[in-house]
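Text of the file structure_37.cif, holding mmCIF, C-alpha atoms:
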```
data_coords
loop_
_atom_site.group_PDB
_atom_site.id
_atom_site.type_symbol
_atom_site.label_atom_id
_atom_site.label_comp_id
_atom_site.auth_asym_id
_atom_site.auth_seq_id
_atom_site.Cartn_x
_atom_site.Cartn_y
_atom_site.Cartn_z
ATOM 1 C CA MET H 1 0.000 0.000 0.000
ATOM 2 C CA LEU H 2 2.852 2.359 0.878
ATOM 3 C CA ALA H 3 4.577 1.628 -2.445
ATOM 4 C CA LYS H 4 1.354 2.445 -4.293
ATOM 5 C CA GLN H 5 0.970 5.738 -2.424
ATOM 6 C CA GLN H 6 4.562 6.680 -3.206
ATOM 7 C CA SER H 7 4.122 5.866 -6.909
ATOM 8 C CA GLU H 8 1.109 8.189 -7.056
ATOM 9 C CA THR H 9 2.879 11.128 -5.396
ATOM 10 C CA TYR H 10 2.767 14.232 -7.585
ATOM 11 C CA LYS H 11 6.133 15.399 -8.834
ATOM 12 C CA ARG H 12 6.416 18.781 -10.488
ATOM 13 C CA HIS H 13 7.692 18.709 -14.035
ATOM 14 C CA ARG H 14 11.044 20.471 -14.256
ATOM 15 C CA PRO H 15 11.617 21.218 -17.946
ATOM 16 C CA GLU H 16 14.829 23.137 -17.261
ATOM 17 C CA THR H 17 16.533 19.841 -16.369
ATOM 18 C CA THR H 18 15.783 18.161 -19.711
ATOM 19 C CA LEU H 19 18.290 17.975 -22.543
ATOM 20 C CA LEU H 20 15.914 19.462 -25.122
ATOM 21 C CA TYR H 21 15.166 22.496 -22.952
ATOM 22 C CA GLN H 22 18.857 23.095 -22.253
ATOM 23 C CA LEU H 23 19.711 22.847 -25.960
ATOM 24 C CA VAL H 24 16.990 25.322 -26.958
ATOM 25 C CA GLU H 25 17.810 27.700 -24.111
ATOM 26 C CA ARG H 26 21.513 27.634 -24.996
ATOM 27 C CA TYR H 27 21.410 27.789 -28.790
ATOM 28 C CA TYR H 28 18.106 29.397 -29.828
ATOM 29 C CA PRO H 29 19.364 32.983 -29.199
ATOM 30 C CA ASP H 30 22.515 32.276 -31.248
ATOM 31 C CA PHE H 31 20.381 30.733 -33.975
ATOM 32 C CA THR H 32 18.106 33.762 -34.327
ATOM 33 C CA ALA H 33 21.082 36.126 -34.102
ATOM 34 C CA ASN H 34 22.790 34.232 -36.934
ATOM 35 C CA LEU H 35 19.656 34.607 -39.042
ATOM 36 C CA ALA H 36 19.409 38.306 -38.242
ATOM 37 C CA ASP H 37 23.016 38.837 -39.362
ATOM 38 C CA GLN H 38 21.903 37.531 -42.772
ATOM 39 C CA GLY H 39 18.861 39.804 -42.791
ATOM 40 C CA LYS H 40 16.501 36.838 -42.261
ATOM 41 C CA TYR H 41 13.950 36.084 -39.569
ATOM 42 C CA LEU H 42 11.745 33.212 -38.528
ATOM 43 C CA PRO H 43 7.977 33.510 -39.033
ATOM 44 C CA LYS H 44 6.199 34.904 -35.975
ATOM 45 C CA TYR H 45 4.383 31.627 -35.261
ATOM 46 C CA VAL H 46 7.726 29.798 -35.104
ATOM 47 C CA GLU H 47 9.163 32.396 -32.746
ATOM 48 C CA ARG H 48 6.097 32.075 -30.478
ATOM 49 C CA GLU H 49 6.570 28.286 -30.392
ATOM 50 C CA PHE H 50 10.127 28.598 -29.099
ATOM 51 C CA GLU H 51 9.461 31.468 -26.703
ATOM 52 C CA GLU H 52 6.436 29.836 -25.076
ATOM 53 C CA PHE H 53 8.254 26.500 -24.841
ATOM 54 C CA LEU H 54 10.975 28.223 -22.806
ATOM 55 C CA ARG H 55 8.285 29.567 -20.458
ATOM 56 C CA CYS H 56 6.406 26.256 -20.131
ATOM 57 C CA GLY H 57 6.469 24.646 -16.703
ATOM 58 C CA ARG H 58 8.573 27.366 -15.034
ATOM 59 C CA LEU H 59 7.107 28.652 -11.772
ATOM 60 C CA GLU H 60 8.545 32.130 -12.303
ATOM 61 C CA ASN H 61 6.257 32.508 -15.339
ATOM 62 C CA GLY H 62 3.057 31.879 -13.389
ATOM 63 C CA PHE H 63 1.430 29.041 -11.493
ATOM 64 C CA LEU H 64 -1.695 27.769 -9.776
ATOM 65 C CA ARG H 65 -1.813 26.997 -6.052
ATOM 66 C CA VAL H 66 -3.713 23.745 -5.531
ATOM 67 C CA VAL H 67 -4.984 23.086 -1.992
ATOM 68 C CA CYS H 68 -6.312 19.779 -0.633
ATOM 69 C CA GLY H 69 -9.747 20.319 0.863
ATOM 70 C CA ASP H 70 -9.106 17.794 3.646
ATOM 71 C CA CYS H 71 -5.526 18.196 4.840
ATOM 72 C CA LYS H 72 -4.949 21.695 3.392
ATOM 73 C CA HIS H 73 -1.673 20.565 1.837
ATOM 74 C CA GLU H 74 -0.611 22.833 -1.038
ATOM 75 C CA LYS H 75 1.032 22.191 -4.390
ATOM 76 C CA LEU H 76 2.216 24.674 -6.991
ATOM 77 C CA VAL H 77 1.393 23.801 -10.614
ATOM 78 C CA ALA H 78 3.220 25.883 -13.214
ATOM 79 C CA PHE H 79 1.392 27.128 -16.314
ATOM 80 C CA SER H 80 1.985 25.132 -19.474
ATOM 81 C CA CYS H 81 2.456 26.481 -23.003
ATOM 82 C CA LYS H 82 -0.231 24.233 -24.575
ATOM 83 C CA ARG H 83 1.557 24.500 -27.898
ATOM 84 C CA ARG H 84 1.245 21.882 -30.626
ATOM 85 C CA GLY H 85 4.829 21.973 -31.889
ATOM 86 C CA PHE H 86 7.612 20.187 -30.040
ATOM 87 C CA CYS H 87 6.923 20.656 -26.300
ATOM 88 C CA PRO H 88 7.303 17.122 -24.841
ATOM 89 C CA SER H 89 5.200 17.853 -21.751
ATOM 90 C CA CYS H 90 2.189 19.332 -23.537
ATOM 91 C CA GLY H 91 2.530 16.849 -26.382
ATOM 92 C CA ALA H 92 2.550 13.865 -24.008
ATOM 93 C CA ARG H 93 -0.528 15.173 -22.206
ATOM 94 C CA ARG H 94 -2.396 15.642 -25.481
ATOM 95 C CA MET H 95 -1.228 12.224 -26.662
ATOM 96 C CA ALA H 96 -2.565 10.453 -23.569
ATOM 97 C CA GLU H 97 -5.891 12.288 -23.629
ATOM 98 C CA SER H 98 -6.428 11.690 -27.351
ATOM 99 C CA ALA H 99 -5.569 7.997 -27.099
ATOM 100 C CA ALA H 100 -7.983 7.495 -24.197
ATOM 101 C CA LEU H 101 -10.747 9.275 -26.122
ATOM 102 C CA LEU H 102 -10.200 7.167 -29.247
ATOM 103 C CA VAL H 103 -10.163 3.875 -27.340
ATOM 104 C CA ASP H 104 -13.092 4.632 -25.038
ATOM 105 C CA ASP H 105 -15.470 6.439 -27.390
ATOM 106 C CA VAL H 106 -14.454 5.863 -31.016
ATOM 107 C CA LEU H 107 -12.574 2.670 -31.894
ATOM 108 C CA LEU H 108 -13.240 0.186 -29.074
ATOM 109 C CA GLY H 109 -14.961 -2.996 -30.198
ATOM 110 C CA TYR H 110 -13.565 -3.025 -33.740
ATOM 111 C CA PRO H 111 -10.422 -4.631 -35.171
ATOM 112 C CA ILE H 112 -8.015 -1.863 -36.171
ATOM 113 C CA ARG H 113 -5.105 -1.853 -38.614
ATOM 114 C CA GLN H 114 -2.525 0.911 -38.826
ATOM 115 C CA TRP H 115 -1.620 2.117 -42.319
ATOM 116 C CA VAL H 116 1.450 4.343 -42.645
ATOM 117 C CA LEU H 117 2.206 6.209 -45.863
ATOM 118 C CA SER H 118 5.574 7.909 -46.408
ATOM 119 C CA LEU H 119 6.133 10.347 -49.261
ATOM 120 C CA PRO H 120 9.098 10.949 -51.591
ATOM 121 C CA ILE H 121 11.517 13.517 -50.150
ATOM 122 C CA PRO H 122 10.627 16.279 -52.679
ATOM 123 C CA LEU H 123 6.917 15.960 -51.815
ATOM 124 C CA ARG H 124 7.678 16.248 -48.091
ATOM 125 C CA LEU H 125 9.239 19.633 -48.760
ATOM 126 C CA LEU H 126 6.426 20.620 -51.125
ATOM 127 C CA LEU H 127 3.642 19.842 -48.642
ATOM 128 C CA ALA H 128 5.555 21.518 -45.810
ATOM 129 C CA ARG H 129 5.665 24.582 -48.042
ATOM 130 C CA TYR H 130 1.980 24.350 -49.010
ATOM 131 C CA PRO H 131 0.189 22.950 -45.929
ATOM 132 C CA SER H 132 -3.213 23.842 -47.408
ATOM 133 C CA GLU H 133 -2.714 20.976 -49.889
ATOM 134 C CA LEU H 134 -2.250 18.424 -47.095
ATOM 135 C CA SER H 135 -5.998 17.973 -46.595
ATOM 136 C CA LYS H 136 -6.554 17.232 -50.277
ATOM 137 C CA VAL H 137 -3.670 14.747 -50.367
ATOM 138 C CA MET H 138 -5.047 13.097 -47.239
ATOM 139 C CA GLN H 139 -8.470 12.770 -48.899
ATOM 140 C CA ILE H 140 -6.860 11.024 -51.882
ATOM 141 C CA ILE H 141 -5.079 8.561 -49.585
ATOM 142 C CA HIS H 142 -8.158 7.933 -47.452
ATOM 143 C CA ARG H 143 -10.396 7.375 -50.466
ATOM 144 C CA ALA H 144 -8.013 4.820 -52.005
ATOM 145 C CA ILE H 145 -7.606 2.744 -48.825
ATOM 146 C CA SER H 146 -11.261 2.937 -47.757
ATOM 147 C CA THR H 147 -12.428 1.890 -51.237
ATOM 148 C CA HIS H 148 -10.063 -1.076 -51.085
ATOM 149 C CA ILE H 149 -11.437 -2.134 -47.677
ATOM 150 C CA VAL H 150 -15.093 -1.729 -48.692
ATOM 151 C CA ASN H 151 -14.563 -3.683 -51.920
ATOM 152 C CA LYS H 152 -12.737 -6.463 -50.068
ATOM 153 C CA ALA H 153 -15.788 -6.734 -47.796
ATOM 154 C CA GLY H 154 -17.948 -7.313 -50.873
ATOM 155 C CA PHE H 155 -19.597 -3.909 -51.124
ATOM 156 C CA THR H 156 -19.425 -0.673 -53.088
ATOM 157 C CA ASN H 157 -18.921 2.750 -51.530
ATOM 158 C CA LYS H 158 -22.677 3.374 -51.841
ATOM 159 C CA GLN H 159 -23.527 0.171 -49.960
ATOM 160 C CA ALA H 160 -21.083 0.364 -47.037
ATOM 161 C CA LYS H 161 -18.537 2.569 -45.297
ATOM 162 C CA THR H 162 -15.430 2.051 -43.249
ATOM 163 C CA GLY H 163 -13.911 4.373 -40.651
ATOM 164 C CA ALA H 164 -10.501 5.884 -40.046
ATOM 165 C CA VAL H 165 -8.588 8.271 -37.822
ATOM 166 C CA THR H 166 -5.593 9.965 -39.468
ATOM 167 C CA LEU H 167 -2.747 11.785 -37.771
ATOM 168 C CA ILE H 168 -0.223 13.729 -39.823
ATOM 169 C CA GLN H 169 3.292 13.394 -38.442
ATOM 170 C CA ARG H 170 5.764 16.025 -39.573
ATOM 171 C CA PHE H 171 9.091 14.604 -38.448
ATOM 172 C CA GLY H 172 11.117 11.421 -38.714
ATOM 173 C CA SER H 173 13.160 9.432 -36.226
ATOM 174 C CA ALA H 174 16.083 11.858 -36.601
ATOM 175 C CA LEU H 175 13.788 14.892 -36.044
ATOM 176 C CA ASN H 176 14.173 15.659 -39.735
ATOM 177 C CA LEU H 177 11.341 17.157 -41.775
ATOM 178 C CA ASN H 178 9.347 14.116 -42.889
ATOM 179 C CA ILE H 179 5.626 14.600 -43.458
ATOM 180 C CA HIS H 180 3.872 11.225 -43.419
ATOM 181 C CA PHE H 181 0.482 9.826 -42.492
ATOM 182 C CA HIS H 182 -0.490 7.445 -39.681
ATOM 183 C CA MET H 183 -3.986 6.069 -40.284
ATOM 184 C CA LEU H 184 -6.044 3.765 -38.072
ATOM 185 C CA PHE H 185 -8.610 2.003 -40.271
ATOM 186 C CA LEU H 186 -11.350 -0.387 -39.291
ATOM 187 C CA GLU H 187 -10.456 -3.860 -40.568
ATOM 188 C CA GLY H 188 -13.753 -4.108 -42.408
ATOM 189 C CA ALA H 189 -16.876 -2.260 -43.543
ATOM 190 C CA ILE H 190 -20.162 -1.221 -41.901
ATOM 191 C CA SER H 191 -23.380 -1.676 -43.872
ATOM 192 C CA GLU H 192 -27.056 -1.202 -43.119
ATOM 193 C CA ASN H 193 -29.122 -4.373 -42.789
ATOM 194 C CA SER H 194 -32.751 -5.027 -43.683
ATOM 195 C CA TRP H 195 -34.129 -4.342 -40.173
ATOM 196 C CA GLY H 196 -32.609 -0.879 -39.872
ATOM 197 C CA GLY H 197 -29.472 -1.760 -37.930
ATOM 198 C CA THR H 198 -25.873 -2.049 -39.051
ATOM 199 C CA THR H 199 -23.591 -5.006 -39.688
ATOM 200 C CA PHE H 200 -19.812 -5.044 -39.527
ATOM 201 C CA THR H 201 -18.083 -7.260 -42.104
ATOM 202 C CA ARG H 202 -14.465 -8.028 -41.292
ATOM 203 C CA ILE H 203 -11.910 -8.547 -44.070
ATOM 204 C CA LYS H 204 -8.653 -10.476 -44.268
ATOM 205 C CA ALA H 205 -5.286 -8.786 -43.803
ATOM 206 C CA PRO H 206 -4.007 -7.148 -47.001
ATOM 207 C CA SER H 207 -1.718 -9.261 -49.151
ATOM 208 C CA HIS H 208 1.543 -8.043 -50.631
ATOM 209 C CA SER H 209 -0.112 -7.689 -54.045
ATOM 210 C CA ASP H 210 -2.851 -5.570 -52.424
ATOM 211 C CA MET H 211 -0.192 -3.295 -50.938
ATOM 212 C CA VAL H 212 1.677 -2.936 -54.240
ATOM 213 C CA GLU H 213 -1.518 -2.054 -56.089
ATOM 214 C CA LEU H 214 -2.597 0.436 -53.414
ATOM 215 C CA VAL H 215 0.695 2.316 -53.149
ATOM 216 C CA HIS H 216 0.866 2.562 -56.940
ATOM 217 C CA THR H 217 -2.694 3.931 -57.095
ATOM 218 C CA ILE H 218 -2.056 6.447 -54.314
ATOM 219 C CA GLY H 219 1.202 7.653 -55.856
ATOM 220 C CA GLN H 220 -0.380 8.128 -59.287
ATOM 221 C CA ARG H 221 -3.390 10.008 -57.910
ATOM 222 C CA ILE H 222 -1.301 12.345 -55.740
ATOM 223 C CA ALA H 223 1.006 13.104 -58.672
ATOM 224 C CA ARG H 224 -1.936 13.852 -60.981
ATOM 225 C CA TYR H 225 -3.518 16.165 -58.415
ATOM 226 C CA LEU H 226 -0.309 18.112 -57.743
ATOM 227 C CA GLU H 227 0.251 18.446 -61.483
ATOM 228 C CA LYS H 228 -3.325 19.680 -61.915
ATOM 229 C CA VAL H 229 -2.904 22.452 -59.327
ATOM 230 C CA GLY H 230 0.450 23.486 -60.815
ATOM 231 C CA LEU H 231 2.750 22.359 -58.008
ATOM 232 C CA VAL H 232 4.386 19.647 -60.114
ATOM 233 C CA GLU H 233 5.431 20.092 -63.733
ATOM 234 C CA ARG H 234 6.216 17.168 -65.985
ATOM 235 C CA ASP H 235 8.166 16.992 -69.205
ATOM 236 C CA VAL H 236 8.925 14.026 -71.434
ATOM 237 C CA GLU H 237 11.813 12.705 -69.350
ATOM 238 C CA ASN H 238 11.068 13.618 -65.732
ATOM 239 C CA SER H 239 9.001 15.584 -63.232
ATOM 240 C CA PHE H 240 10.092 18.488 -61.097
ATOM 241 C CA LEU H 241 8.623 20.718 -58.401
ATOM 242 C CA ASN H 242 7.375 24.180 -59.258
ATOM 243 C CA LEU H 243 8.721 25.620 -56.000
ATOM 244 C CA PRO H 244 9.847 29.248 -56.343
ATOM 245 C CA PHE H 245 12.768 30.040 -54.053
ATOM 246 C CA ASP H 246 12.870 33.408 -52.326
ATOM 247 C CA ASP H 247 16.314 34.343 -51.024
ATOM 248 C CA GLU H 248 14.688 36.215 -48.133
ATOM 249 C CA ASP H 249 12.638 33.201 -47.078
ATOM 250 C CA SER H 250 14.648 31.676 -44.238
ATOM 251 C CA LEU H 251 12.074 28.968 -43.442
ATOM 252 C CA LEU H 252 12.317 27.365 -46.887
ATOM 253 C CA GLN H 253 16.104 27.209 -46.553
ATOM 254 C CA LEU H 254 15.796 25.518 -43.156
ATOM 255 C CA GLN H 255 13.131 23.105 -44.396
ATOM 256 C CA GLY H 256 15.247 22.169 -47.393
ATOM 257 C CA ALA H 257 18.204 21.368 -45.148
ATOM 258 C CA SER H 258 16.085 19.388 -42.693
ATOM 259 C CA VAL H 259 14.346 17.252 -45.304
ATOM 260 C CA SER H 260 17.723 16.235 -46.771
ATOM 261 C CA TYR H 261 19.486 15.594 -43.405
ATOM 262 C CA ARG H 262 21.882 18.537 -43.867
ATOM 263 C CA ILE H 263 23.193 21.211 -41.510
ATOM 264 C CA ALA H 264 21.359 24.450 -42.254
ATOM 265 C CA MET H 265 23.628 27.095 -40.741
ATOM 266 C CA GLY H 266 27.067 27.760 -39.323
ATOM 267 C CA PRO H 267 30.563 26.717 -40.399
ATOM 268 C CA GLN H 268 29.379 23.199 -41.349
ATOM 269 C CA GLN H 269 26.450 24.405 -43.436
ATOM 270 C CA GLY H 270 25.464 21.959 -46.171
ATOM 271 C CA GLN H 271 27.198 18.954 -44.661
ATOM 272 C CA LYS H 272 25.285 15.750 -44.006
ATOM 273 C CA VAL H 273 24.157 15.218 -40.422
ATOM 274 C CA PHE H 274 25.486 12.114 -38.684
ATOM 275 C CA THR H 275 22.438 10.227 -37.378
ATOM 276 C CA LEU H 276 22.008 7.170 -35.207
ATOM 277 C CA GLN H 277 18.950 5.063 -35.855
ATOM 278 C CA THR H 278 17.710 1.851 -34.291
ATOM 279 C CA LEU H 279 16.474 -0.949 -36.490
ATOM 280 C CA PRO H 280 12.872 -1.953 -35.686
ATOM 281 C CA ALA H 281 12.301 -5.523 -34.611
ATOM 282 C CA SER H 282 11.060 -7.583 -37.533
ATOM 283 C CA ASN H 283 7.762 -9.293 -36.812
ATOM 284 C CA GLU H 284 6.816 -12.456 -38.631
ATOM 285 C CA GLY H 285 4.425 -11.783 -41.476
ATOM 286 C CA GLU H 286 4.829 -7.989 -41.609
ATOM 287 C CA TYR H 287 6.923 -8.023 -44.767
ATOM 288 C CA GLY H 288 3.860 -8.829 -46.855
ATOM 289 C CA GLN H 289 2.179 -5.618 -45.659
ATOM 290 C CA LEU H 290 4.917 -3.366 -47.047
ATOM 291 C CA ALA H 291 5.213 -1.921 -50.546
ATOM 292 C CA ASN H 292 7.305 0.824 -52.174
ATOM 293 C CA THR H 293 7.114 2.624 -55.489
ATOM 294 C CA SER H 294 8.727 5.844 -56.764
ATOM 295 C CA GLY H 295 9.562 7.004 -53.240
ATOM 296 C CA PHE H 296 6.100 6.229 -51.812
ATOM 297 C CA SER H 297 6.095 3.652 -49.019
ATOM 298 C CA LEU H 298 2.962 2.011 -47.584
ATOM 299 C CA HIS H 299 3.055 -0.198 -44.491
ATOM 300 C CA ALA H 300 0.137 -1.997 -42.838
ATOM 301 C CA GLY H 301 1.748 -4.637 -40.645
ATOM 302 C CA VAL H 302 0.502 -3.424 -37.226
ATOM 303 C CA PHE H 303 -2.893 -4.729 -36.099
ATOM 304 C CA ALA H 304 -4.992 -4.679 -32.923
ATOM 305 C CA SER H 305 -7.970 -7.021 -32.603
ATOM 306 C CA ALA H 306 -11.267 -5.972 -31.026
ATOM 307 C CA ASP H 307 -10.368 -7.578 -27.674
ATOM 308 C CA GLU H 308 -6.984 -5.834 -27.269
ATOM 309 C CA PRO H 309 -7.802 -2.402 -25.805
ATOM 310 C CA GLU H 310 -4.350 -1.980 -24.224
ATOM 311 C CA LYS H 311 -2.592 -2.654 -27.522
ATOM 312 C CA LEU H 312 -5.002 -0.310 -29.278
ATOM 313 C CA GLU H 313 -4.266 2.470 -26.802
ATOM 314 C CA ARG H 314 -0.506 2.016 -27.258
ATOM 315 C CA LEU H 315 -1.092 2.212 -30.995
ATOM 316 C CA CYS H 316 -3.145 5.385 -30.631
ATOM 317 C CA ARG H 317 -0.463 6.969 -28.469
#
```

What would the structure in this file look like if it were written as structure tokens?
Amino acid sequence: MLAKQQSETYKRHRPETTLLYQLVERYYPDFTANLADQGKYLPKYVEREFEEFLRCGRLENGFLRVVCGDCKHEKLVAFSCKRRGFCPSCGARRMAESAALLVDDVLLGYPIRQWVLSLPIPLRLLLARYPSELSKVMQIIHRAISTHIVNKAGFTNKQAKTGAVTLIQRFGSALNLNIHFHMLFLEGAISENSWGGTTFTRIKAPSHSDMVELVHTIGQRIARYLEKVGLVERDVENSFLNLPFDDEDSLLQLQGASVSYRIAMGPQQGQKVFTLQTLPASNEGEYGQLANTSGFSLHAGVFASADEPEKLERLCR
């Protein structure tokens, strides 16, 4: 009982002791000063992200005094930044709350498969530059996968629907710019039955040929859309991005360096970054749920059955 009480004791978050905080606190002023020397500046929303992160969790920037109604013991809770960028504390809180909501109220009771789509490096930079196009690209991806699932269940899109939750992740394992999509799809389709209710029809796991066909379809549709809106131009031999470069635009320079794993500023500018990456454990049978084409990569090897709420919550997190 004592061990349980001790494990539940509140401990104030001390961001100033973390490596990320110390790195930002030490080098962010030098970084902005270096930009200013070149006559360049970060967008205001990026500056706010850094400045509020450095204020997050510090008592000197404001706090609440929480008092126990029984014993009158007091705790001080520092204000948080509540930003959606890179703050680990606020991000972890949002992650836990969102995962609990999805498991308890949205996805519980259905088998769920995670689909992950990675984009070619040039398109990562393009969509970072034009975030308004992300929603359209996501619709193309969702429509292709959902149609595949509904058809595998023996229906058309007019006869049945499937469901999905999509989260857009903007960075890779090396904290490089890497826009990709994590999608949790129902492993089946929901259709209306003759007595006014609904029926869930489960499908089999996708085969390797299914994955190859899907990633090819998605890649072709995204390319056609981007060409249609003028963001990609194609000639007889190759395709290239129609991405005008403004010398005064510091963010595009930084994004270009990040997406290609290069150092953006300083005496080592342009050099490749040395990165350490861990190899994921290979699970039996996952290879068949992986396909690549023209820089597009689609993976669907992670699955949680309807009676695995803990696994589903880890997946949502």

Taking into account all atoms listed in the file, which residue in the set H:Leu101, H:Pro267, H:Arg129, H:Lys311 is nearest to Leu254 in chain H?
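Distance minimum relative to Leu254 in chain H lands on H:Arg129.
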
Coordinates-based distance that separates CA of Leu42 in chain H from CA of Lys82 in chain H (Å, one decimal):
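Between CA of Lys82 in chain H and CA of Leu42 in chain H the gap works out to 20.5 Å.
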
So, with all atoms listed in the file as the atoms that count, which of H:Leu184, H:His13, H:Ala189, H:Glu133 lies closest to Gln159 in chain H?
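Closest residue, counting all atoms listed in the file: H:Ala189.
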
Could you list, as an NGL selection string, every residue within 7 Å of range 197-213 of chain H, counting all atoms listed in the file and ignoring same-chain residues fewer than 4 positions away?
:H and (152-153 or 187-193 or 217 or 288-291)

Please measure the separation of CA of Gly172 in chain H and CA of Ala128 in chain H, giving the value in Å to one decimal.
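Going from CA of Gly172 in chain H over to CA of Ala128 in chain H, I get 13.5 Å.
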
Which residue of H:Leu59, H:Leu119, H:Val229, H:Leu134 approaches Leu298 in chain H most closely, using only C-alpha atoms
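Residue with the minimum atom-to-atom distance to Leu298 in chain H: H:Leu119.
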
Which residue is closest to Thr18 in chain H? Choose from H:Gly270, H:Pro309, H:Pro88, H:Gly69 and count only C-alpha atoms.
H:Pro88

Cut-off 12 Å around (8.1, 15.2, -30.8) with only C-alpha atoms: residues as a ChimeraX atom specification
/H:20,83-92,94-95,169-177

One decimal, in Å: what's the spacing between CA of Arg58 in chain H and CA of Ala78 in chain H?
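If I compute the distance from CA of Arg58 in chain H to CA of Ala78 in chain H, I get 5.8 Å.
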
N, CA and C atoms of range 209-224 of chain H from block above, as a short mmCIF file (atom, residue, chain, number, x, y, z; two decimals), in the first residue's frame:
```
data_model
loop_
_atom_site.label_atom_id
_atom_site.label_comp_id
_atom_site.auth_asym_id
_atom_site.auth_seq_id
_atom_site.Cartn_x
_atom_site.Cartn_y
_atom_site.Cartn_z
N SER H 209 0.37 -8.21 -52.76
CA SER H 209 -0.11 -7.69 -54.04
C SER H 209 -1.11 -6.56 -53.83
N ASP H 210 -1.94 -6.67 -52.77
CA ASP H 210 -2.85 -5.57 -52.42
C ASP H 210 -2.07 -4.30 -52.11
N MET H 211 -0.99 -4.44 -51.34
CA MET H 211 -0.19 -3.30 -50.94
C MET H 211 0.48 -2.64 -52.15
N VAL H 212 1.01 -3.47 -53.05
CA VAL H 212 1.68 -2.94 -54.24
C VAL H 212 0.68 -2.16 -55.10
N GLU H 213 -0.50 -2.72 -55.28
CA GLU H 213 -1.52 -2.05 -56.09
C GLU H 213 -1.97 -0.75 -55.44
N LEU H 214 -2.14 -0.76 -54.12
CA LEU H 214 -2.60 0.44 -53.41
C LEU H 214 -1.57 1.56 -53.47
N VAL H 215 -0.31 1.25 -53.18
CA VAL H 215 0.70 2.32 -53.15
C VAL H 215 0.90 2.89 -54.55
N HIS H 216 0.76 2.06 -55.57
CA HIS H 216 0.87 2.56 -56.94
C HIS H 216 -0.30 3.50 -57.25
N THR H 217 -1.51 3.09 -56.85
CA THR H 217 -2.69 3.93 -57.10
C THR H 217 -2.58 5.27 -56.37
N ILE H 218 -2.18 5.22 -55.11
CA ILE H 218 -2.06 6.45 -54.31
C ILE H 218 -1.01 7.38 -54.92
N GLY H 219 0.15 6.84 -55.28
CA GLY H 219 1.20 7.65 -55.86
C GLY H 219 0.77 8.33 -57.15
N GLN H 220 0.08 7.58 -58.02
CA GLN H 220 -0.38 8.13 -59.29
C GLN H 220 -1.42 9.23 -59.07
N ARG H 221 -2.33 9.02 -58.14
CA ARG H 221 -3.39 10.01 -57.91
C ARG H 221 -2.84 11.29 -57.30
N ILE H 222 -1.90 11.16 -56.35
CA ILE H 222 -1.30 12.35 -55.74
C ILE H 222 -0.52 13.13 -56.80
N ALA H 223 0.22 12.43 -57.63
CA ALA H 223 1.01 13.10 -58.67
C ALA H 223 0.09 13.84 -59.65
N ARG H 224 -1.01 13.20 -60.05
CA ARG H 224 -1.94 13.85 -60.98
C ARG H 224 -2.57 15.09 -60.36
#
```
